[in-house]
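Step one of this worksheet: look at the structure below.
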Amino acid sequence: FIDEWIFTILNMFTLDNLLDLWTEIILEEGKGVVFICENSHILTLTVYLFGNILVKPFSYAYPVVNIVPEDEDFLDSPFPVIYGMFKKRKYVEQNEIVERYNDRTYVFLSPEKVDIIYSAESKKNVQKRKPAKLKN
């Protein structure tokens with residue numbers, strides 16, 4: 001049984017975005033993924049989808065946090081974590097969170113599109129493992 005919400009969340013992603021993000025999560029190559037959205041419903045469902053459903057039949061070995069507390073101290077964790085950050089993109093940009101914690105992958109979610117900012121190391125590793133047909 002697959003709920004309708006799964007397809008709604010998956011439709012927000014392009015195939016390339018979905019595969020790149022899934023690859024990074026499943027291989028645990030970066031320091032984690034931070035999903036950022038100002039809609040708590042979309043945010044929670046997306047974190048749940050990537051942290052619990054799309055990794056099956058495996059299980060994600062590190063913490064999955066649906067919505068983190070107000071401060072950004074959690075981004076200092078030494079191991080990969082999947083986070084949900086209930087913030088507006090403008091807040092993240094004004095506080096230079098991506099620049100300060102640049103070893104994480106940031107996924108800005110909106111119903112219209114998904115914008116992903118990879119750390120340099122994550123992007124290099126994902127591109128290296130992507131099959132040649134998908135690179136084109």
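All residue names refer to the structure tokens as shown: chains lettered A, B, ... in order, residues numbered from 1 in each chain, ligands numbered from 1 in order.
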
I need the alpha helix (DSSP H) residues of range 25-103 of chain A per DSSP on the backbone, written as a list in words.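 Taking range 25-103 of chain A and keeping alpha helix (DSSP H) only, one gets Ile25, Ile26, Leu27, Ser40, His41, Ile42, Leu43, Thr44, Leu45, Thr46, Val47, Tyr48, Arg89, Lys90, Tyr91, Val92, Glu93, Gln94, Ile97, Val98, Glu99 and Arg100 of chain A.
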
Filtered DSSP result for range 1-120 of chain A, state strand (DSSP E or B), as an MDAnalysis selection string: chainID A and resid 32:37 64:65 81:86 105:109 114:117

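Residue nearest Phe86 in chain A, chosen from A:Val33, A:Leu43, A:Ile117, A:Val64 and counting only C-alpha atoms: A:Leu43.
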
Among listed residues A:Leu21, A:Val47, A:Glu38, A:Gly30, nearest Pro111 in chain A (using only C-alpha atoms):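 Selected residue with least distance to Pro111 in chain A: A:Glu38.
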
Smallest atom-to-atom distance to Trp22 in chain A: which of A:Asn52, A:Asn66, A:Ser110, A:Ser77, using only C-alpha atoms?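 Ranked by minimum distance to Trp22 in chain A, first place goes to A:Asn52.
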
So which residues touch Pro78 in chain A within 12 Å, counting only C-alpha atoms, skipping near sequence neighbours fewer than 6 positions away, as a PyMOL selection string? chain A and resi 30-32+62-63+101+103-104

May I have the residues from that selection written out with N, CA, C and O atoms, as a PDB file, in the first residue's frame?
ATOM      1  N   GLY A  30      28.242  12.252   2.610  1.00  0.00           N
ATOM      2  CA  GLY A  30      28.428  13.600   3.130  1.00  0.00           C
ATOM      3  C   GLY A  30      28.250  13.620   4.629  1.00  0.00           C
ATOM      4  O   GLY A  30      28.261  12.602   5.297  1.00  0.00           O
ATOM      5  N   LYS A  31      28.076  14.807   5.143  1.00  0.00           N
ATOM      6  CA  LYS A  31      27.803  14.955   6.568  1.00  0.00           C
ATOM      7  C   LYS A  31      26.313  15.055   6.818  1.00  0.00           C
ATOM      8  O   LYS A  31      25.880  15.488   7.867  1.00  0.00           O
ATOM      9  N   GLY A  32      25.536  14.694   5.833  1.00  0.00           N
ATOM     10  CA  GLY A  32      24.107  14.689   6.014  1.00  0.00           C
ATOM     11  C   GLY A  32      23.387  15.608   5.046  1.00  0.00           C
ATOM     12  O   GLY A  32      23.993  16.334   4.271  1.00  0.00           O
ATOM     13  N   TYR A  62      21.987   6.441  10.853  1.00  0.00           N
ATOM     14  CA  TYR A  62      22.182   7.647  11.647  1.00  0.00           C
ATOM     15  C   TYR A  62      20.830   8.279  11.975  1.00  0.00           C
ATOM     16  O   TYR A  62      19.803   7.894  11.433  1.00  0.00           O
ATOM     17  N   PRO A  63      20.836   9.284  12.831  1.00  0.00           N
ATOM     18  CA  PRO A  63      19.561   9.905  13.203  1.00  0.00           C
ATOM     19  C   PRO A  63      18.853  10.587  12.034  1.00  0.00           C
ATOM     20  O   PRO A  63      19.479  11.092  11.108  1.00  0.00           O
ATOM     21  N   TYR A 101      28.150  26.131   7.346  1.00  0.00           N
ATOM     22  CA  TYR A 101      28.139  24.668   7.459  1.00  0.00           C
ATOM     23  C   TYR A 101      28.135  24.086   6.051  1.00  0.00           C
ATOM     24  O   TYR A 101      27.187  23.443   5.632  1.00  0.00           O
ATOM     25  N   ASP A 103      29.650  21.664   4.647  1.00  0.00           N
ATOM     26  CA  ASP A 103      29.925  20.255   4.426  1.00  0.00           C
ATOM     27  C   ASP A 103      28.643  19.414   4.377  1.00  0.00           C
ATOM     28  O   ASP A 103      28.688  18.196   4.371  1.00  0.00           O
ATOM     29  N   ARG A 104      27.520  20.067   4.304  1.00  0.00           N
ATOM     30  CA  ARG A 104      26.220  19.392   4.226  1.00  0.00           C
ATOM     31  C   ARG A 104      25.556  19.686   2.887  1.00  0.00           C
ATOM     32  O   ARG A 104      25.904  20.632   2.205  1.00  0.00           O
TER      33      ARG A 104
END

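Nearest residue to Tyr91 in chain A among A:Phe79, A:Phe58, A:Phe74, A:Phe108 is A:Phe108, counting only C-alpha atoms.
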
Between CA of Glu99 in chain A and CA of Lys87 in chain A lies a distance of 16.2 Å

Show me, as JSON, numbers by chain, the residues that have an atom within 9 Å of Glu28 in chain A when counting only C-alpha atoms, minus same-chain residues fewer than 4 positions from it. {"A": [23, 24, 32, 60, 80]}
